[in-house]
Amino acid sequence: MAHSNWAEWIYLGVVTALLIYVGAEAWNVERIIEHTPEDAELIKVTAQQWLWSFEHEDGTKEVGELHLKKDHAYKFEIRSIDVNHNFNIPEYVVLLDAIPGRINTVWFSPTEAGEFDIQCREYCGLIHYNMRATLIVEDVK
Amino acid sequence: MSEHDETVYRTSPGRVGKLMTILVGLVVVGGVIFFSLGDYWISELSPAGMDFAGITDEPAAPAVAQTGADIPITLDFIESKDFRTLAFNALPGEPGNNPTINAKVGDRIIFNILNAGKSFHAFGVTLDEEGFGGILGDSAVASPNSPLKPGDGGTSEFIPGEPGTYYYICTVPGHREMGMVGTIIVE
Amino acid sequence: MVLELARPRPIWQIMFSTHHTDVGLMYLTFSLLAMFVGGAMAIALRVELFAPGAQLIQDSMTFNRLFTAHGTTMIFLFLLPSASAVGNYLVPIMVRYKDMAYPKLNAIAFWMIPPAAALVWLGMADFGWYANPPYSVISAPAPAAEMWIFGLKVLGVSSILSSINFVVTIMKCKHPDMSLGKVPLLGWSFLSSSIIVLAAMPTFAAALLMLLTDRLGATGFFNPGVGGDPIAYQHLFWFTFHPEVYVLVIPAIGMMYEIIPRFSRRPIFSHSSGVAAFIILSIVAFASWAHHMFATGMSFTEKTVFMVGTLAAVPASAMHVFNFLATMWNGRIKFATPMMWAVGGIALFFAAGAGGVVNTAMPLDFITHDSYWVVGHFHLFVFGTIAFGTIGFVYYLFPYITGRMYHEKWGIVHFILAFVGACITFFTQHILGLFGMPRRIYDYPEIPEWISMNALISIGAMIILVGMVIFLANMIYSSAKGKPANLEDPFGLGGKYYYPFAQRNPHHGDGGY
């Protein structure tokens with residue numbers, strides 16, 4: 001090459017620096033959010049074609065609805081009894097696959113009272129589009 | 001580098017027309033084959049799927065001849081507005097919800113099934129106390145993989161050969177749990 | 001429609017021919033047909049999704065089959081064959097050889113595609129083009145699923161055969177005076193994408209076979225009911241298909257390398273940079289597959305490894321963008337139709353890549369996974385970059401193939417409609433994904449933001465449709481009745497166009513080709 005390409009090297013340096021920043025920040029945030037608090041209450045989530053059912057620690061079962069308390073930490077153990085689903089509460093960025101044959105765990109703590117959507121985020125057949133439930137967060141002590 | 005020194009022939013409207021005819025013709029033929037066979041392409045379940053659903057070739061109860069009365073019954077699939085609760089004929093709490101059928105061994109129960117909901121349903125009679133498998137005899141109307149669309153209906157019949165408690169259900173997975181189940185008490 | 005070698009030949013003679021220009025023409029015709037079929041499916045989907053409730057499609061099974069067929073068609077029946085079309089036309093000429101290395105194998109690789117397409121289109125399976133188990137094993141209806149599996153098997157073999165041909169032609173049959181480093185960048189793009197296919201595709205062939213035997217109940221690779229692991233399939237699938245998306249994009253970038261220097265009337269800023277970028281991309285492509293699986297419950301370490309692997313591929317793509325921009329800098333640019341498509345493609349490529357960096361940042365993936373953000377992201381790649389590059393190159397090759405010029409003004413109108421439509425459709429999909437709408441859904445609840453964005457997206461899709469109809473009309477009309485082109489320099493650039501006849505290769509003796 002007859003011409004110098006210092007511009008290209010600088011450009012690549014800038015791009016690489018940006019990517020390293022993104023990667024490091026992402027690594028750090030993920031490390032923090034994957035640490036489940038010890039006092040998180042366990043909720044068993046069962047996904048099946050095409051509904052969600054839940055079981056609280058004390059044995060209470062709910063189908064299509066989940067009642068939780070504001071500002072408490074909850075840990076979801078997500079299982080499926082037929083095909084892949086994905087447990088998603090978009091407004092709280094809770095998202096994890098429900099894979100038959102294994103149990104996936106994710107935690108969160110709802111910071112606002114109200115009603116929120118629960119939806120399925122992995123194609124699971126005929127009624128995937130309507131595999132929804134409601135999260136009801138109550139402000140109780 | 002060699003120059004091209006021969007005459008260049010460019011194609012003509014006739015040849016382009018021939019090309020378009022062939023291509024459009026192929027698409028039309030394909031469409032005819034596809035639509036004329038209709039639902040055939042999605043009509044069955046894989047062997048692994050049948051294992052999973054507990055569907056086998058042998059009938060769960062032997063075929064029985066009718067020795068008793070005819071019992072016709074109309075069952076409509078209905079849904080609550082939020083789609084959370086499903087039932088036959090009426091929602092829970094209202095009269096006529098999931099009617100119980102009383103019959104004797106050898107009676108022929110004739111089911112007139114209609115999908116009065118907005119979603120998909122299918123019908124069958126089973127001895128299983130939970131789940132959507134074990135459908136007996138000829139009692140099925142449609143199936144989870146080829147279900148009744150809203151407004152569709154069908155008929156089937158069931159002749160119980162043994163006394164006991166049978167269940168009529170919607171065979172779409174999950175619908176029984178959401179309320180689409182009723183009992184048939186046979187003595 | 002081909003630049004006839006001798007005199008107008010009977011159509012059956014073109015169909016049975018093994019000459020690279022004839023096979024290239026057949027690939028091109030088939031891929032454009034598939035583009036319109038896949039496009040019609042997309043329009044059906046967007047009409048249905050315009051508003052909540054059933055519009056065009058009355059049941060979700062039909063919708064599910066349509067989006068599966070749309071994805072499968074566009075990737076396997078449009079993008080891959082159109083790359084093969086361009087490669088068949090130009091690779092022998094670029095390496096100054098008389099034909100592809102194995103002409104009969106070339107024709108066989110093409111002719112496998114229509115029957116495979118028939119299998120895929122007649123069956124119309126419903127499990128999405130990923131075919132994830134356990135749904136695809138225990139729940140997806142037959143015979144549609146088996147037909148899809150067999151169709152893709154055949155397409156995979158066709159791809160492998162075609163790749164063998166490209167690799168051998170470029171590496172072994174090139175002119176003795178031409179070193180590998182001097183092969184034009186379009187040639188390098190076919191060399192790298194073909195090597196990726198040879199390394200990656202057999203894995204999917206294995207996964208398909210395992211899926212089939214699982215469906216038949218003979219094995220339990222992916223069926224948890226009999227002891228299998230559904231995630232194993234995802235690893236096998238993505239090990240092939242992450243590199244495969246690079247197989248799709250690399251030829252389109254190569255095509256831009258043909259268009260941009262010529263229409264800027266400047267040489268490529270750095271040929272060796274382009275070669276290095278292709279080689280790096282081909283290798284790093286294999287390090288990132290499980291970024292598609294961040295939501296399956298992988299461990300923190302696994303996710304970190306794949307995040308780093310994904311980020312590592314970005315500088316190589318960035319090198320291409322820099323190369324293009326530096327080539328155009330200070331150039332006397334002629335913004336004819338092919339150049340507009342290439343430049344538009346670079347802009348959307350950049351946007352697509354930026355969105356991808358968001359996806360790979362692990363925590364952010366939990367916002368975007370399996371939502372319309374992902375749909376917008378990959379469509380910016382496959383439509384915004386690959387289809388733009390391909391369509392631009394089809395316009396560029398049009399005089400070469402037909403000897404006539406297409407209608408330039410309508411070409412520009414097509415570009416404007418496609419670019420505006422693509423921006424409206426795919427950027428809005430990114431935002432819709434941030435609002436939580438999942439992908440692969442037939443209907444959606446009446447959330448006001450979802451309704452308005454879906455309506456906007458559907459309108460954008462209609463804008464693209466209008467452009468595509470114009471394109472079809474332009475291609476058909478101009479190939480029959482377009483003005484005869486000046487074959488030395490149809491675009492008036494003052495540079496070199498393509499010569500329709502292959503160079504004699506002295507390595508293979510006198511007496512012609």
# chains A, B, ... in the order shown; residues from 1 in each chain; ligands from 1
$ closest_atom_pairs --of "chain A" --to "chain C" --cutoff "6 Å" --atoms "only C-alpha atoms" --output "tab-separated table"
residue	atom	partner	partner_atom	distance
A:Ala26	CA	C:Ala361	CA	5.2
A:Glu30	CA	C:Pro363	CA	5.5
A:Val83	CA	C:Pro134	CA	5.1
A:Pro90	CA	C:Gly436	CA	5.6
A:Val93	CA	C:Ile367	CA	5.8
A:Leu95	CA	C:Phe366	CA	5.8
A:Leu96	CA	C:Ala295	CA	5.0
A:Asp97	CA	C:Thr296	CA	5.0
A:Gly101	CA	C:Pro224	CA	5.5
A:Asn104	CA	C:Gly297	CA	5.7
A:Arg121	CA	C:Pro438	CA	5.7
A:Leu126	CA	C:Met61	CA	5.8
A:Tyr129	CA	C:Ile441	CA	4.5
$ residues_around --residues "A:Arg79" --least-positions-apart "3" --cutoff "9 Å" --atoms "only C-alpha atoms" --output "CSV table (one decimal) with N, CA and C atoms, in the first residue's frame"
chain,number,residue,atom,x,y,z
A,44,LYS,N,-42.4,-21.4,42.9
A,44,LYS,CA,-42.2,-22.4,41.8
A,44,LYS,C,-43.1,-22.0,40.6
A,45,VAL,N,-42.5,-21.8,39.5
A,45,VAL,CA,-43.3,-21.4,38.3
A,45,VAL,C,-43.3,-22.7,37.4
A,46,THR,N,-44.6,-23.0,37.0
A,46,THR,CA,-44.7,-24.2,36.0
A,46,THR,C,-45.2,-23.6,34.7
A,47,ALA,N,-44.5,-23.8,33.6
A,47,ALA,CA,-45.0,-23.4,32.3
A,47,ALA,C,-45.5,-24.7,31.6
A,48,GLN,N,-46.6,-24.5,30.9
A,48,GLN,CA,-47.1,-25.6,30.1
A,48,GLN,C,-47.9,-25.0,29.0
A,85,HIS,N,-40.6,-22.9,27.0
A,85,HIS,CA,-41.3,-21.7,27.2
A,85,HIS,C,-40.3,-20.7,27.7
A,97,ASP,N,-35.7,-18.9,30.2
A,97,ASP,CA,-36.3,-20.0,29.5
A,97,ASP,C,-36.9,-21.0,30.5
A,98,ALA,N,-38.0,-21.6,30.2
A,98,ALA,CA,-38.5,-22.8,30.9
A,98,ALA,C,-38.2,-24.0,30.1
A,99,ILE,N,-37.3,-24.8,30.4
A,99,ILE,CA,-36.8,-25.9,29.6
A,99,ILE,C,-37.2,-27.2,30.3
A,100,PRO,N,-38.0,-28.1,29.6
A,100,PRO,CA,-38.4,-29.3,30.3
A,100,PRO,C,-37.1,-30.1,30.6
A,101,GLY,N,-37.1,-30.7,31.8
A,101,GLY,CA,-35.9,-31.5,32.2
A,101,GLY,C,-34.9,-30.7,33.0
A,102,ARG,N,-35.1,-29.4,33.1
A,102,ARG,CA,-34.2,-28.7,34.0
A,102,ARG,C,-35.0,-27.5,34.7
A,103,ILE,N,-34.4,-27.0,35.7
A,103,ILE,CA,-35.0,-25.9,36.5
A,103,ILE,C,-34.1,-24.7,36.4
A,104,ASN,N,-34.6,-23.6,35.9
A,104,ASN,CA,-33.8,-22.3,35.8
A,104,ASN,C,-34.3,-21.4,36.9
$ atom_distance --atom1 "atom CA of C:Ala109" --atom2 "atom CA of C:Ser84"
10.0 Å
$ interface_residues --of "chain B" --to "chain A" --cutoff "8 Å" --atoms "only C-alpha atoms" --output "ChimeraX atom specification"
/B:84,173-174
$ select_by_dssp --residues "stretch 13-112 of chain B" --states "strand (DSSP E or B)" --output "ChimeraX atom specification"
/B:44-45,70-79,86-88,101-103,108-112
$ atom_distance --atom1 "atom CA of C:Gly217" --atom2 "atom CA of C:Pro143"
14.8 Å
$ closest_residue --among "B:Ala103, B:Ala116, B:Met20, B:Val181" --to "chain C" --atoms "only C-alpha atoms"
B:Met20
$ atom_distance --atom1 "atom CA of B:Val16" --atom2 "atom CA of C:His20"
20.5 Å
$ residues_around --residues "C:Ile463" --least-positions-apart "3" --cutoff "10 Å" --atoms "only C-alpha atoms" --output "PyMOL selection string"
chain C and resi 414+416-422+424-425+457-460+466-468
$ write_last_selection --atoms "C-alpha atoms" --output "CSV table (one decimal), in the first residue's frame"
chain,number,residue,atom,x,y,z
C,414,HIS,CA,-37.3,1.6,-5.8
C,416,ILE,CA,-36.0,5.3,-2.0
C,417,LEU,CA,-39.1,3.3,-1.2
C,418,ALA,CA,-37.0,0.4,0.1
C,419,PHE,CA,-34.8,2.6,2.2
C,420,VAL,CA,-37.6,4.7,3.7
C,421,GLY,CA,-39.7,1.6,4.2
C,422,ALA,CA,-36.8,-0.3,5.8
C,424,ILE,CA,-39.8,2.8,9.2
C,425,THR,CA,-40.3,-0.9,9.6
C,457,ILE,CA,-44.5,-1.1,10.9
C,458,SER,CA,-47.1,-2.6,8.6
C,459,ILE,CA,-47.2,0.7,6.7
C,460,GLY,CA,-43.5,0.6,6.3
C,466,VAL,CA,-44.6,-0.9,-3.6
C,467,GLY,CA,-40.9,-0.6,-4.3
C,468,MET,CA,-40.6,-4.4,-4.9
$ closest_residue --among "C:Gly151, C:Pro448, C:Pro115, C:Gly494" --to "chain B" --atoms "only C-alpha atoms"
C:Pro115
$ residues_around --residues "stretch 388-404 of chain C" --least-positions-apart "5" --cutoff "9 Å" --atoms "only C-alpha atoms" --output "number ranges by chain"
B: 8-11; C: 1-4, 21, 25, 28, 79, 82-83, 86, 251-256, 258-259, 337-346, 382-383, 411, 415, 418-419, 475, 478-487, 490-491, 497-500
$ residues_around --residues "stretch 69-73 of chain A" --least-positions-apart "3" --cutoff "6 Å" --atoms "only C-alpha atoms" --output "list in words"
Ala40, Phe108, Ser109, Pro110, Thr111, Ala113, Val137, Glu138 and Asp139 of chain A
